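A.B. asks: What follows is the file start_10.cif, containing mmCIF, C-alpha atoms:
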data_target
loop_
_atom_site.label_atom_id
_atom_site.label_comp_id
_atom_site.auth_asym_id
_atom_site.auth_seq_id
_atom_site.Cartn_x
_atom_site.Cartn_y
_atom_site.Cartn_z
CA MET P 1 130.89 -88.72 -73.08
CA GLY P 2 127.92 -89.62 -70.89
CA LYS P 3 125.64 -88.30 -68.21
CA ARG P 4 127.09 -85.62 -66.00
CA ARG P 5 125.52 -82.86 -63.99
CA VAL P 6 125.72 -79.24 -65.09
CA PRO P 7 124.87 -76.86 -62.23
CA ASP P 8 121.97 -74.50 -62.84
CA LEU P 9 122.98 -70.91 -63.48
CA TYR P 10 119.45 -69.74 -62.74
CA ARG P 11 115.99 -71.19 -62.21
CA ALA P 12 112.85 -69.27 -63.14
CA PRO P 13 109.38 -69.71 -61.62
CA PHE P 14 108.00 -70.56 -65.09
CA PRO P 15 109.00 -72.52 -68.22
CA LEU P 16 111.71 -70.80 -70.25
CA TYR P 17 111.42 -70.58 -74.04
CA SER P 18 114.02 -68.07 -75.17
CA ILE P 19 117.39 -66.65 -74.14
CA LYS P 20 119.48 -63.88 -75.66
CA VAL P 21 122.69 -62.06 -74.69
CA ASP P 22 122.83 -58.30 -75.28
CA PRO P 23 126.51 -57.38 -75.81
CA LYS P 24 125.77 -53.66 -75.49
CA THR P 25 124.45 -53.76 -71.91
CA GLY P 26 125.96 -57.10 -70.89
CA LEU P 27 122.53 -58.41 -69.92
CA VAL P 28 121.28 -61.95 -70.33
CA ILE P 29 117.58 -61.84 -71.23
CA THR P 30 115.29 -64.84 -70.73
CA ALA P 31 111.56 -65.18 -71.39
CA GLY P 32 108.70 -67.63 -71.06
CA GLY P 33 105.68 -68.38 -68.94
CA GLY P 34 102.56 -70.48 -68.56
CA GLY P 35 100.49 -68.63 -71.17
CA ALA P 36 96.82 -67.83 -70.67
CA SER P 37 96.09 -70.99 -68.67
CA LYS P 38 94.78 -70.37 -65.16
CA THR P 39 97.50 -72.35 -63.41
CA GLY P 40 99.05 -69.46 -61.51
CA ILE P 41 102.24 -69.68 -63.57
CA LYS P 42 103.36 -66.17 -64.48
CA ASN P 43 104.54 -64.83 -67.84
CA ALA P 44 107.59 -62.58 -67.90
CA VAL P 45 110.76 -61.36 -69.56
CA GLN P 46 113.63 -61.45 -67.09
CA PHE P 47 116.96 -59.62 -67.08
CA LEU P 48 120.05 -61.26 -65.56
CA ASP P 49 123.47 -59.93 -64.68
CA LEU P 50 126.10 -62.53 -65.64
CA GLN P 51 129.48 -62.64 -63.90
CA LEU P 52 132.57 -64.76 -64.45
CA VAL P 53 133.71 -66.41 -61.21
CA GLY P 54 137.33 -67.51 -61.42
CA GLU P 55 138.43 -68.83 -64.81
CA HIS P 56 135.70 -71.32 -65.69
CA GLN P 57 132.57 -70.76 -63.55
CA TYR P 58 129.66 -68.31 -63.82
CA SER P 59 127.02 -66.79 -61.58
CA ALA P 60 123.86 -64.87 -62.40
CA THR P 61 121.76 -62.33 -60.51
CA LEU P 62 118.16 -61.47 -61.41
CA LEU P 63 117.92 -57.70 -61.89
CA HIS P 64 114.34 -57.28 -63.07
CA SER P 65 111.26 -59.27 -64.10
CA HIS P 66 108.92 -57.62 -66.60
CA ASP P 67 105.40 -59.07 -66.40
CA THR P 68 103.78 -59.82 -69.78
CA ASP P 69 100.26 -60.37 -68.42
CA THR P 70 98.52 -63.44 -69.89
CA ARG P 71 100.91 -63.96 -72.82
CA ALA P 72 104.05 -66.04 -72.67
CA THR P 73 107.00 -65.00 -74.82
CA MET P 74 107.80 -68.02 -76.99
CA ASN P 75 110.63 -66.47 -79.05
CA MET P 76 112.46 -63.18 -79.20
CA ALA P 77 115.16 -61.16 -80.89
CA VAL P 78 117.32 -58.49 -79.24
CA GLY P 79 119.12 -55.56 -80.83
CA ASN P 80 120.20 -52.06 -79.88
CA GLY P 81 118.13 -51.83 -76.69
CA VAL P 82 115.00 -53.34 -78.25
CA ILE P 83 113.29 -56.70 -77.73
CA ALA P 84 110.98 -58.19 -80.35
CA ALA P 85 108.93 -60.80 -78.50
CA GLY P 86 106.65 -63.41 -80.05
CA GLN P 87 103.48 -63.62 -77.95
CA ASP P 88 100.65 -65.70 -79.43
CA GLY P 89 100.02 -64.28 -82.93
CA THR P 90 101.65 -60.91 -82.28
CA CYS P 91 105.14 -59.48 -82.10
CA SER P 92 105.51 -57.10 -79.17
CA VAL P 93 108.33 -54.58 -79.57
CA MET P 94 109.75 -53.34 -76.26
CA SER P 95 112.61 -51.02 -75.39
CA PHE P 96 114.76 -51.63 -72.33
CA LYS P 97 117.33 -49.49 -70.59
CA HIS P 98 119.90 -50.48 -67.99
CA CYS P 99 120.21 -47.58 -65.57
CA THR P 100 121.00 -46.79 -61.94
CA GLN P 101 118.24 -46.66 -59.33
CA GLU P 102 118.38 -42.85 -59.22
CA GLU P 103 118.12 -42.58 -63.03
CA GLY P 104 115.19 -45.01 -63.00
CA SER P 105 113.39 -43.02 -60.31
CA LYS P 106 113.86 -39.73 -62.20
CA ALA P 107 112.61 -41.31 -65.41
CA ALA P 108 109.53 -42.59 -63.60
CA ALA P 109 108.85 -39.15 -62.09
CA LYS P 110 109.09 -37.44 -65.48
CA ASP P 111 106.81 -39.91 -67.23
CA GLY P 112 103.49 -38.20 -67.87
CA ASN P 113 101.67 -41.51 -68.13
CA SER P 114 102.37 -42.27 -64.48
CA ALA P 115 99.31 -44.41 -63.92
CA GLN P 116 100.22 -46.82 -66.70
CA GLN P 117 103.84 -46.97 -65.63
CA GLY P 118 102.85 -47.45 -62.01
CA ASP P 119 100.65 -50.38 -63.03
CA THR P 120 103.48 -51.87 -65.06
CA ARG P 121 105.89 -51.45 -62.19
CA ARG P 122 103.43 -52.95 -59.72
CA ARG P 123 103.07 -55.98 -61.97
CA ALA P 124 106.84 -56.22 -62.20
CA GLY P 125 107.07 -55.93 -58.43
CA LYS P 126 104.58 -58.77 -58.01
CA GLY P 127 106.55 -60.76 -60.51
CA ASP P 128 109.75 -60.18 -58.55
CA LYS P 129 108.06 -61.31 -55.36
CA GLY P 130 106.70 -64.35 -57.13
CA GLY P 131 110.18 -65.04 -58.41
CA GLN P 132 111.53 -64.95 -54.86
CA ASP P 133 108.76 -67.26 -53.67
CA GLY P 134 109.63 -69.64 -56.48
CA ALA P 135 113.26 -69.42 -55.45
CA ALA P 136 112.40 -70.24 -51.88
CA ALA P 137 110.49 -73.29 -53.05
CA SER P 138 113.24 -74.54 -55.32
CA GLY P 139 116.19 -73.30 -53.32
CA GLU P 140 118.06 -72.62 -56.56
CA MET P 141 117.17 -69.10 -57.67
CA PRO P 142 119.87 -66.42 -57.43
CA ASN P 143 119.55 -63.26 -55.37
CA LEU P 144 117.18 -60.63 -56.69
CA LYS P 145 118.42 -57.06 -56.74
CA ASP P 146 115.38 -55.38 -55.24
CA GLU P 147 115.28 -52.12 -57.22
CA THR P 148 113.29 -52.69 -60.42
CA ALA P 149 114.49 -49.28 -61.61
CA HIS P 150 117.75 -50.95 -62.62
CA ILE P 151 115.94 -52.00 -65.80
CA SER P 152 113.23 -49.84 -67.34
CA VAL P 153 111.01 -51.53 -69.95
CA ALA P 154 108.49 -49.81 -72.25
CA VAL P 155 106.23 -51.38 -74.87
CA LEU P 156 106.73 -49.46 -78.12
CA ALA P 157 104.35 -51.21 -80.50
CA GLU P 158 102.72 -54.48 -81.49
CA VAL P 159 102.26 -55.98 -84.94
CA GLN P 160 100.12 -58.91 -86.01
CA SER P 161 102.69 -61.47 -87.11
CA ASP P 162 100.50 -64.52 -87.72
CA LEU P 163 96.99 -64.74 -89.15
CA ASN P 164 96.21 -68.41 -88.72
CA PRO P 165 92.40 -68.38 -88.19
CA GLN P 166 92.47 -71.36 -85.84
CA ASP P 167 95.44 -70.78 -83.52
CA PRO P 168 97.69 -67.85 -84.50
CA LEU P 169 101.23 -68.28 -83.23
CA GLN P 170 104.47 -66.53 -84.12
CA LYS P 171 107.18 -69.20 -84.17
CA VAL P 172 110.31 -67.24 -85.02
CA VAL P 173 111.54 -63.63 -85.07
CA ARG P 174 114.84 -62.10 -86.19
CA PHE P 175 116.38 -58.70 -86.71
CA SER P 176 118.39 -58.32 -89.90
CA PRO P 177 122.16 -58.06 -89.23
CA ASP P 178 122.08 -54.28 -89.79
CA LEU P 179 118.95 -53.87 -87.60
CA THR P 180 116.96 -52.21 -90.42
CA LEU P 181 114.42 -55.04 -90.78
CA LEU P 182 112.28 -57.14 -88.45
CA LEU P 183 111.37 -60.59 -89.79
CA THR P 184 108.73 -62.98 -88.45
CA GLY P 185 107.29 -66.38 -89.36
CA GLY P 186 104.40 -68.32 -87.90
CA THR P 187 101.91 -71.14 -88.25
CA ASP P 188 100.17 -69.64 -91.29
CA GLY P 189 103.30 -70.18 -93.43
CA HIS P 190 103.79 -66.48 -94.17
CA ILE P 191 106.98 -64.48 -93.84
CA ARG P 192 106.34 -60.90 -92.79
CA ILE P 193 109.08 -58.30 -92.97
CA TRP P 194 108.83 -54.84 -91.40
CA GLU P 195 111.12 -51.87 -91.78
CA PHE P 196 112.66 -51.07 -88.43
CA PRO P 197 112.12 -48.98 -86.36
CA SER P 198 109.11 -47.58 -88.26
CA LEU P 199 107.43 -51.04 -88.42
CA LYS P 200 106.09 -50.26 -91.87
CA LYS P 201 105.35 -53.59 -93.53
CA LYS P 202 107.69 -54.23 -96.45
CA TYR P 203 106.86 -57.82 -97.47
CA ASP P 204 104.17 -60.35 -96.66
CA PHE P 205 104.34 -63.57 -98.68
CA LYS P 206 103.47 -67.25 -98.42
CA ALA P 207 106.79 -69.03 -97.99
CA HIS P 208 105.74 -72.54 -96.96
CA GLU P 209 102.73 -74.83 -96.84
CA GLY P 210 102.20 -75.14 -93.13
CA GLU P 211 104.25 -73.76 -90.25
CA ILE P 212 107.46 -71.76 -90.50
CA GLU P 213 110.08 -73.48 -88.33
CA ASP P 214 113.01 -71.07 -88.65
CA LEU P 215 114.52 -68.25 -90.66
CA ASP P 216 117.76 -66.28 -90.88
CA MET P 217 119.12 -63.45 -92.99
CA SER P 218 122.60 -63.15 -94.44
CA PRO P 219 124.86 -60.12 -93.95
CA GLU P 220 123.95 -57.05 -96.01
CA ASN P 221 120.36 -58.41 -96.15
CA LYS P 222 121.16 -60.18 -99.41
CA HIS P 223 119.45 -63.52 -98.84
CA LEU P 224 116.74 -64.79 -96.53
CA VAL P 225 116.66 -68.51 -95.72
CA THR P 226 113.44 -70.06 -94.41
CA VAL P 227 112.61 -73.53 -93.07
CA GLY P 228 109.09 -74.98 -93.10
CA ARG P 229 107.35 -78.15 -92.03
CA ASP P 230 106.70 -78.88 -95.72
CA PHE P 231 110.19 -80.48 -96.10
CA ALA P 232 111.50 -77.30 -97.77
CA CYS P 233 114.40 -74.99 -97.01
CA SER P 234 114.14 -71.98 -99.30
CA VAL P 235 116.42 -69.09 -100.24
CA TRP P 236 114.71 -65.77 -100.99
CA SER P 237 115.82 -62.51 -102.53
CA GLY P 238 113.33 -59.99 -101.24
CA SER P 239 110.01 -61.78 -101.63
CA GLN P 240 111.15 -63.76 -104.69
CA LEU P 241 112.15 -67.41 -104.39
CA ALA P 242 115.77 -67.78 -105.50
CA MET P 243 116.22 -71.54 -104.94
CA GLY P 244 115.38 -74.51 -102.76
CA LEU P 245 118.14 -76.34 -100.91
CA LYS P 246 118.69 -80.07 -101.55
CA TRP P 247 120.65 -81.64 -98.70
CA LEU P 248 119.84 -85.17 -99.92
CA GLU P 249 122.24 -84.66 -102.82
CA THR P 250 124.98 -85.42 -100.29
CA MET P 251 123.10 -88.46 -98.94
CA PRO P 252 121.59 -90.26 -101.98
CA GLN P 253 120.86 -93.41 -99.92
CA ILE P 254 118.16 -91.59 -97.93
CA ALA P 255 114.65 -91.61 -99.40
CA GLU P 256 112.73 -88.40 -100.11
CA LYS P 257 110.49 -87.02 -97.36
CA THR P 258 111.94 -89.20 -94.62
CA TYR P 259 113.60 -86.11 -93.15
CA ARG P 260 112.54 -82.48 -92.83
CA TYR P 261 114.53 -79.33 -92.15
CA MET P 262 114.24 -78.07 -88.59
CA ALA P 263 116.56 -75.03 -88.25
CA CYS P 264 118.92 -72.79 -90.21
CA ARG P 265 121.63 -70.32 -89.22
CA PHE P 266 124.27 -68.28 -91.03
CA GLY P 267 127.79 -68.17 -89.59
CA LYS P 268 131.07 -66.44 -90.24
CA VAL P 269 134.36 -68.20 -90.94
CA GLU P 270 137.07 -67.14 -88.53
CA ASP P 271 139.94 -65.20 -90.18
CA GLN P 272 138.15 -65.26 -93.56
CA LYS P 273 136.21 -62.01 -93.77
CA ASP P 274 134.47 -62.57 -97.10
CA VAL P 275 133.49 -66.21 -96.52
CA LEU P 276 130.05 -67.18 -95.26
CA ARG P 277 128.52 -70.49 -94.21
CA LEU P 278 124.95 -71.68 -93.70
CA TYR P 279 124.14 -74.50 -91.28
CA THR P 280 120.93 -76.54 -91.33
CA VAL P 281 119.55 -79.32 -89.14
CA GLN P 282 117.52 -82.20 -90.57
CA ILE P 283 115.39 -84.40 -88.32
CA PRO P 284 113.39 -87.57 -89.10
CA HIS P 285 109.85 -86.87 -90.26
CA LYS P 286 108.59 -89.95 -88.41
CA ARG P 287 110.03 -91.77 -85.43
CA ASP P 288 110.85 -95.48 -85.62
CA ARG P 289 111.47 -98.02 -82.89
CA LYS P 290 115.11 -97.77 -83.79
CA PRO P 291 115.55 -94.00 -84.03
CA PRO P 292 117.44 -92.86 -87.15
CA PRO P 293 120.10 -90.16 -86.72
CA CYS P 294 119.57 -86.46 -87.19
CA TYR P 295 121.93 -84.64 -89.54
CA LEU P 296 123.88 -81.38 -89.72
CA THR P 297 124.69 -79.86 -93.11
CA LYS P 298 127.19 -77.10 -93.84
CA TRP P 299 126.57 -75.03 -96.99
CA ASP P 300 128.51 -72.40 -98.85
CA GLY P 301 126.72 -69.23 -97.75
CA LYS P 302 126.89 -67.60 -101.19
CA SER P 303 126.43 -70.38 -103.75
CA PHE P 304 124.30 -72.48 -101.35
CA LEU P 305 125.99 -75.69 -102.43
CA PRO P 306 126.29 -78.39 -99.73
CA MET P 307 129.83 -78.81 -98.39
CA LEU P 308 129.54 -81.39 -95.61
CA THR P 309 126.83 -83.46 -93.96
CA ALA P 310 127.38 -85.33 -90.69
CA PRO P 311 125.12 -87.29 -88.30
CA CYS P 312 124.52 -85.67 -84.91
CA GLY P 313 122.97 -88.42 -82.83
CA THR P 314 119.56 -90.08 -82.58
CA GLU P 315 118.05 -87.57 -80.13
CA VAL P 316 115.73 -85.23 -82.01
CA ILE P 317 117.21 -81.74 -82.31
CA SER P 318 115.09 -78.91 -80.93
CA SER P 319 117.39 -75.85 -81.11
CA LEU P 320 120.43 -74.55 -82.99
CA ALA P 321 122.91 -71.72 -82.35
CA VAL P 322 126.18 -70.57 -83.96
CA SER P 323 128.85 -68.58 -82.11
CA ASP P 324 129.65 -65.01 -83.18
CA SER P 325 133.06 -66.10 -84.44
CA GLY P 326 131.51 -68.91 -86.48
CA THR P 327 133.83 -71.46 -84.86
CA PHE P 328 131.27 -73.36 -82.77
CA LEU P 329 127.77 -74.67 -83.26
CA GLY P 330 125.37 -75.57 -80.45
CA LEU P 331 122.54 -78.11 -80.45
CA GLY P 332 119.76 -78.82 -77.95
CA THR P 333 117.44 -81.85 -78.05
CA VAL P 334 113.89 -82.73 -77.12
CA THR P 335 115.25 -85.04 -74.42
CA GLY P 336 117.19 -82.20 -72.75
CA SER P 337 120.70 -82.96 -74.02
CA VAL P 338 123.16 -80.21 -75.04
CA ALA P 339 126.09 -80.47 -77.47
CA ILE P 340 128.71 -78.17 -78.98
CA TYR P 341 130.28 -78.93 -82.36
CA ILE P 342 133.26 -77.54 -84.28
CA THR P 343 131.84 -75.95 -87.44
CA PHE P 344 134.90 -76.70 -89.59
CA SER P 345 134.58 -80.48 -89.30
CA LEU P 346 131.11 -80.85 -87.70
CA GLN P 347 132.78 -82.94 -85.00
CA LYS P 348 131.34 -83.08 -81.49
CA LEU P 349 133.43 -81.18 -78.95
CA TYR P 350 131.12 -81.22 -75.90
CA TYR P 351 128.07 -83.26 -74.91
CA VAL P 352 125.92 -83.59 -71.79
CA GLN P 353 123.16 -86.16 -71.98
CA GLU P 354 119.82 -84.98 -70.56
CA SER P 355 121.39 -81.90 -69.02
CA HIS P 356 117.85 -80.53 -68.82
CA GLY P 357 114.85 -82.58 -67.77
CA ILE P 358 112.89 -81.86 -70.94
CA VAL P 359 112.99 -80.00 -74.29
CA VAL P 360 115.85 -77.51 -74.76
CA THR P 361 114.03 -74.50 -76.19
CA ASP P 362 116.85 -72.05 -76.95
CA LEU P 363 120.63 -71.60 -76.93
CA ALA P 364 122.92 -68.56 -76.95
CA PHE P 365 126.71 -68.41 -77.13
CA LEU P 366 128.50 -65.87 -74.97
CA PRO P 367 130.48 -63.28 -76.95
CA ASN P 368 134.22 -63.02 -76.36
CA VAL P 369 133.76 -59.66 -74.65
CA LEU P 370 130.69 -58.60 -72.71
CA LYS P 371 130.39 -54.95 -71.74
CA GLY P 372 134.14 -54.46 -72.19
CA LYS P 373 135.05 -57.44 -69.98
CA ASN P 374 136.40 -60.84 -70.87
CA ILE P 375 133.44 -63.10 -70.15
CA LYS P 376 134.85 -66.34 -71.55
CA GLY P 377 137.59 -66.62 -68.93
CA ASN P 378 139.91 -69.53 -69.59
CA ASN P 379 137.35 -71.23 -71.83
CA GLU P 380 137.38 -71.85 -75.55
CA THR P 381 133.69 -71.09 -75.65
CA ALA P 382 130.66 -70.91 -73.37
CA MET P 383 127.01 -71.35 -74.27
CA LEU P 384 123.76 -70.72 -72.37
CA SER P 385 120.78 -73.07 -72.61
CA VAL P 386 117.17 -72.84 -71.41
CA ALA P 387 114.41 -75.43 -71.33
CA VAL P 388 110.82 -76.08 -70.39
CA ASP P 389 112.13 -77.29 -67.01
CA SER P 390 112.61 -73.58 -66.07
CA ARG P 391 116.38 -73.96 -65.81
CA CYS P 392 119.11 -71.85 -67.37
CA GLN P 393 122.52 -73.49 -67.62
CA VAL P 394 125.94 -72.49 -68.91
CA HIS P 395 128.09 -74.97 -70.84
CA ALA P 396 131.78 -74.06 -70.88
CA VAL P 397 134.53 -75.76 -72.88
CA PRO P 398 137.89 -75.18 -71.14
CA ASN P 399 140.86 -74.22 -73.26
CA ARG P 400 142.77 -77.27 -74.38
CA ARG P 401 146.38 -77.34 -73.28
CA SER P 402 148.79 -76.34 -76.02
CA PHE P 403 152.53 -75.92 -76.32
CA PRO P 404 154.33 -72.89 -77.77
CA ILE P 405 155.44 -73.44 -81.36
CA TRP P 406 159.07 -72.75 -80.47
CA LEU P 407 158.98 -75.58 -77.93
CA VAL P 408 157.53 -77.98 -80.50
CA LEU P 409 160.24 -77.04 -83.02
CA PHE P 410 162.92 -77.41 -80.36
CA PHE P 411 161.83 -80.97 -79.53
CA CYS P 412 161.58 -81.82 -83.25
CA GLY P 413 165.16 -80.63 -83.68
CA LEU P 414 166.29 -82.75 -80.73
CA MET P 415 164.61 -85.79 -82.25
CA VAL P 416 166.35 -85.28 -85.60
CA VAL P 417 169.73 -84.90 -83.91
CA GLY P 418 169.02 -87.98 -81.76
CA ILE P 419 168.10 -90.10 -84.79
CA VAL P 420 171.26 -89.01 -86.67
CA LEU P 421 173.48 -89.84 -83.68
CA LEU P 422 171.77 -93.23 -83.27
CA LEU P 423 172.31 -94.09 -86.93
CA GLN P 424 175.95 -92.98 -86.68
CA TYR P 425 176.39 -95.25 -83.64
CA LEU P 426 174.73 -98.26 -85.27
CA PHE P 427 176.32 -97.76 -88.68
CA PRO P 428 179.77 -96.18 -88.30
CA GLY P 429 180.62 -94.03 -91.27
CA PHE P 430 176.91 -93.34 -91.94
CA ILE P 431 177.73 -89.65 -92.27
#
With the file now loaded, output its structure as structure tokens.
C.D. replies:
Amino acid sequence: MGKRRVPDLYRAPFPLYSIKVDPKTGLVITAGGGGASKTGIKNAVQFLDLQLVGEHQYSATLLHSHDTDTRATMNMAVGNGVIAAGQDGTCSVMSFKHCTQEEGSKAAAKDGNSAQQGDTRRRAGKGDKGGQDGAAASGEMPNLKDETAHISVAVLAEVQSDLNPQDPLQKVVRFSPDLTLLLTGGTDGHIRIWEFPSLKKKYDFKAHEGEIEDLDMSPENKHLVTVGRDFACSVWSGSQLAMGLKWLETMPQIAEKTYRYMACRFGKVEDQKDVLRLYTVQIPHKRDRKPPPCYLTKWDGKSFLPMLTAPCGTEVISSLAVSDSGTFLGLGTVTGSVAIYITFSLQKLYYVQESHGIVVTDLAFLPNVLKGKNIKGNNETAMLSVAVDSRCQVHAVPNRRSFPIWLVLFFCGLMVVGIVLLLQYLFPGFI
């Protein structure tokens, strides 16, 4: 496993920070930008159409680019036609609809607030043109379908998700599995939970000293797990602290506060409906000349007892994802490398060193079926990655060759018969 080149699926005209796959519409949604700096780098949420080419390859077409003015989207969650986007210290909630050009035109004509929509569409149009100019410069951007009416985007509401007086920044956002709650965390250490879609605030509590790094909620909204820069990974029931996780119990040789939690994610267990797992990533708190390894830990998702801890290389982990089936786990690093692990054993299945030129900011596994079509092809799994280098890549693991069980049994039977005949030949009267 060493350096190899992964072709770019798509290249944006700005740094990419987040990627999500919407199984309902089949859209791949990316977001990022240059922020408020006056560098001429735009800020946008972009919608891609993903297609399987042959059995192992993919192509993507840019359908629409939604301009987000001076605010870059640093993180987002997608569910049921809604995007929750972290932009500075706010969470912007947007609806999107995938429609035909005629439907989009009719919707625009019926909209009473035509001036506002026209301005939004003009900004999107400029963004599309800028995207094409960026493509011409790089020579790597896919074709743009010219009718922005394919995707209609409307801002529904905004909520203040971080109140850091110095530099407010939302760092993570999630929908609960049943889409009834919207959860955010930021640099002020607070977890804020809103009822969705009303956006009535349900909880607001101090979860960590310092920044929130990650959070995830278990099925049925039973437990919330949060990760902070204060070395803590906490389990909450509502706004009440239930317990703190102790991964060092599995690694007693490691001193306290030499590692901190970086990410957390719940995952299913394939073919075991009532079983749940939690996965966490631990990274060194300080870097040495000889970099120590990062670690992956698998936990029982109900008792929160550690089950297995394994090293995952000396490159600092920057992003974590778990496949819908719970079979695979994806990691991105600050040096641009991408890896896929088997969750059962935490063994590395796939690795590309420095696949991106810089920090991998987000990962998303493709579902088995996308918009009623098999999107995996002849692959065991496929995962999308984005990075600050503006590139979106797809990492596919081809199906490993296997033999039918009847063929294996047949050859086993032949071997047994062969051994018996050999013994009979060497030792007459053996049977």
A.B. asks: Give as an NGL selection string the residues that the PyMOL selection byres ((chain P and resi 302-308) around 12) matches when applied to the coordinates above.
C.D. replies: :P and (218-219 or 222-225 or 233-236 or 242-251 or 266-268 or 274-280 or 295-301 or 309-311 or 343-347)
A.B. asks: Selection in question (the file shown): the PyMOL selection byres ((chain P and resi 338) around 10). Which residues does it include, as a list in words?
C.D. replies: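 This file gives the following for the PyMOL selection byres ((chain P and resi 338) around 10): Ile317, Ser319, Gly330, Leu331, Gly332, Thr333, Val334, Thr335, Gly336, Ser337, Ala339, Ile340, Tyr350, Tyr351, Val352, Gln353, Glu354, Ser355, His356, Val360, Leu363, Met383, Leu384, Ser385 and His395 of chain P.
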A.B. asks: Go ahead and save the residues from that selection, with C-alpha atoms, as a JSON list (two decimals), keeping the file's coordinate frame.
C.D. replies:
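Printed below is selection.json as written:
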[["chain", "number", "residue", "atom", "x", "y", "z"],
["P", 317, "ILE", "CA", 117.21, -81.74, -82.31],
["P", 319, "SER", "CA", 117.39, -75.85, -81.11],
["P", 330, "GLY", "CA", 125.37, -75.57, -80.45],
["P", 331, "LEU", "CA", 122.54, -78.11, -80.45],
["P", 332, "GLY", "CA", 119.76, -78.82, -77.95],
["P", 333, "THR", "CA", 117.44, -81.85, -78.05],
["P", 334, "VAL", "CA", 113.89, -82.73, -77.12],
["P", 335, "THR", "CA", 115.25, -85.04, -74.42],
["P", 336, "GLY", "CA", 117.19, -82.20, -72.75],
["P", 337, "SER", "CA", 120.70, -82.96, -74.02],
["P", 339, "ALA", "CA", 126.09, -80.47, -77.47],
["P", 340, "ILE", "CA", 128.71, -78.17, -78.98],
["P", 350, "TYR", "CA", 131.12, -81.22, -75.90],
["P", 351, "TYR", "CA", 128.07, -83.26, -74.91],
["P", 352, "VAL", "CA", 125.92, -83.59, -71.79],
["P", 353, "GLN", "CA", 123.16, -86.16, -71.98],
["P", 354, "GLU", "CA", 119.82, -84.98, -70.56],
["P", 355, "SER", "CA", 121.39, -81.90, -69.02],
["P", 356, "HIS", "CA", 117.85, -80.53, -68.82],
["P", 360, "VAL", "CA", 115.85, -77.51, -74.76],
["P", 363, "LEU", "CA", 120.63, -71.60, -76.93],
["P", 383, "MET", "CA", 127.01, -71.35, -74.27],
["P", 384, "LEU", "CA", 123.76, -70.72, -72.37],
["P", 385, "SER", "CA", 120.78, -73.07, -72.61],
["P", 395, "HIS", "CA", 128.09, -74.97, -70.84]]
A.B. asks: Evaluate the PyMOL selection byres ((chain P and resi 71-76) around 7) here and jot the selected residues down as a PyMOL selection string.
C.D. replies: chain P and resi 17-18+31-36+43-44+68-70+77-78+83-88+171-173
A.B. asks: Name the residues, using the chain letters and numbers of the file, that sit within 10 Å of (122.4, -62.9, -74.3) when counting all atoms listed in the file, and give them as a list in words.
C.D. replies: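 It turns out the residues near that spot are Ser18, Ile19, Lys20, Val21, Asp22, Pro23, Lys24, Thr25, Gly26, Leu27, Val28, Ile29, Thr30, Phe47, Leu48, Leu50, Ala77, Val78, Leu363, Ala364, Phe365, Leu366, Pro367, Leu370, Met383 and Leu384 of chain P.
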A.B. asks: Please, which residues are within 7 Å of (112.0, -75.5, -75.0) by the file's coordinates, counting only C-alpha atoms, and could they come as a list in words?
C.D. replies: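 The residues near that point, listed by chain and number, are Leu16, Tyr17, Val359, Val360, Thr361, Asp362, Val386, Ala387 and Val388 of chain P.
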A.B. asks: For those residues, write C-alpha atoms to a file as a compact mmCIF listing (two decimals), in the coordinates of the input.
C.D. replies:
# COMPACT_ATOMS: atom_id res chain seq x y z
CA LEU P 16 111.71 -70.80 -70.25
CA TYR P 17 111.42 -70.58 -74.04
CA VAL P 359 112.99 -80.00 -74.29
CA VAL P 360 115.85 -77.51 -74.76
CA THR P 361 114.03 -74.50 -76.19
CA ASP P 362 116.85 -72.05 -76.95
CA VAL P 386 117.17 -72.84 -71.41
CA ALA P 387 114.41 -75.43 -71.33
CA VAL P 388 110.82 -76.08 -70.39
A.B. asks: As AutoDock Vina command-line options, please: the centre and edge lengths in Å, to one decimal, of an axis-aligned box enclosing every listed atom of stretch 305-309 of chain P with 8 Å added on each side.
C.D. replies:
--center_x 127.9 --center_y -79.6 --center_z -98.2 --size_x 19.8 --size_y 23.8 --size_z 24.5
A.B. asks: When you draw a straight line from atom CA of P:Glu315 to atom CA of P:Thr187, how long is it in Å?
C.D. replies: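 Interatomic distance here is 24.4 Å.
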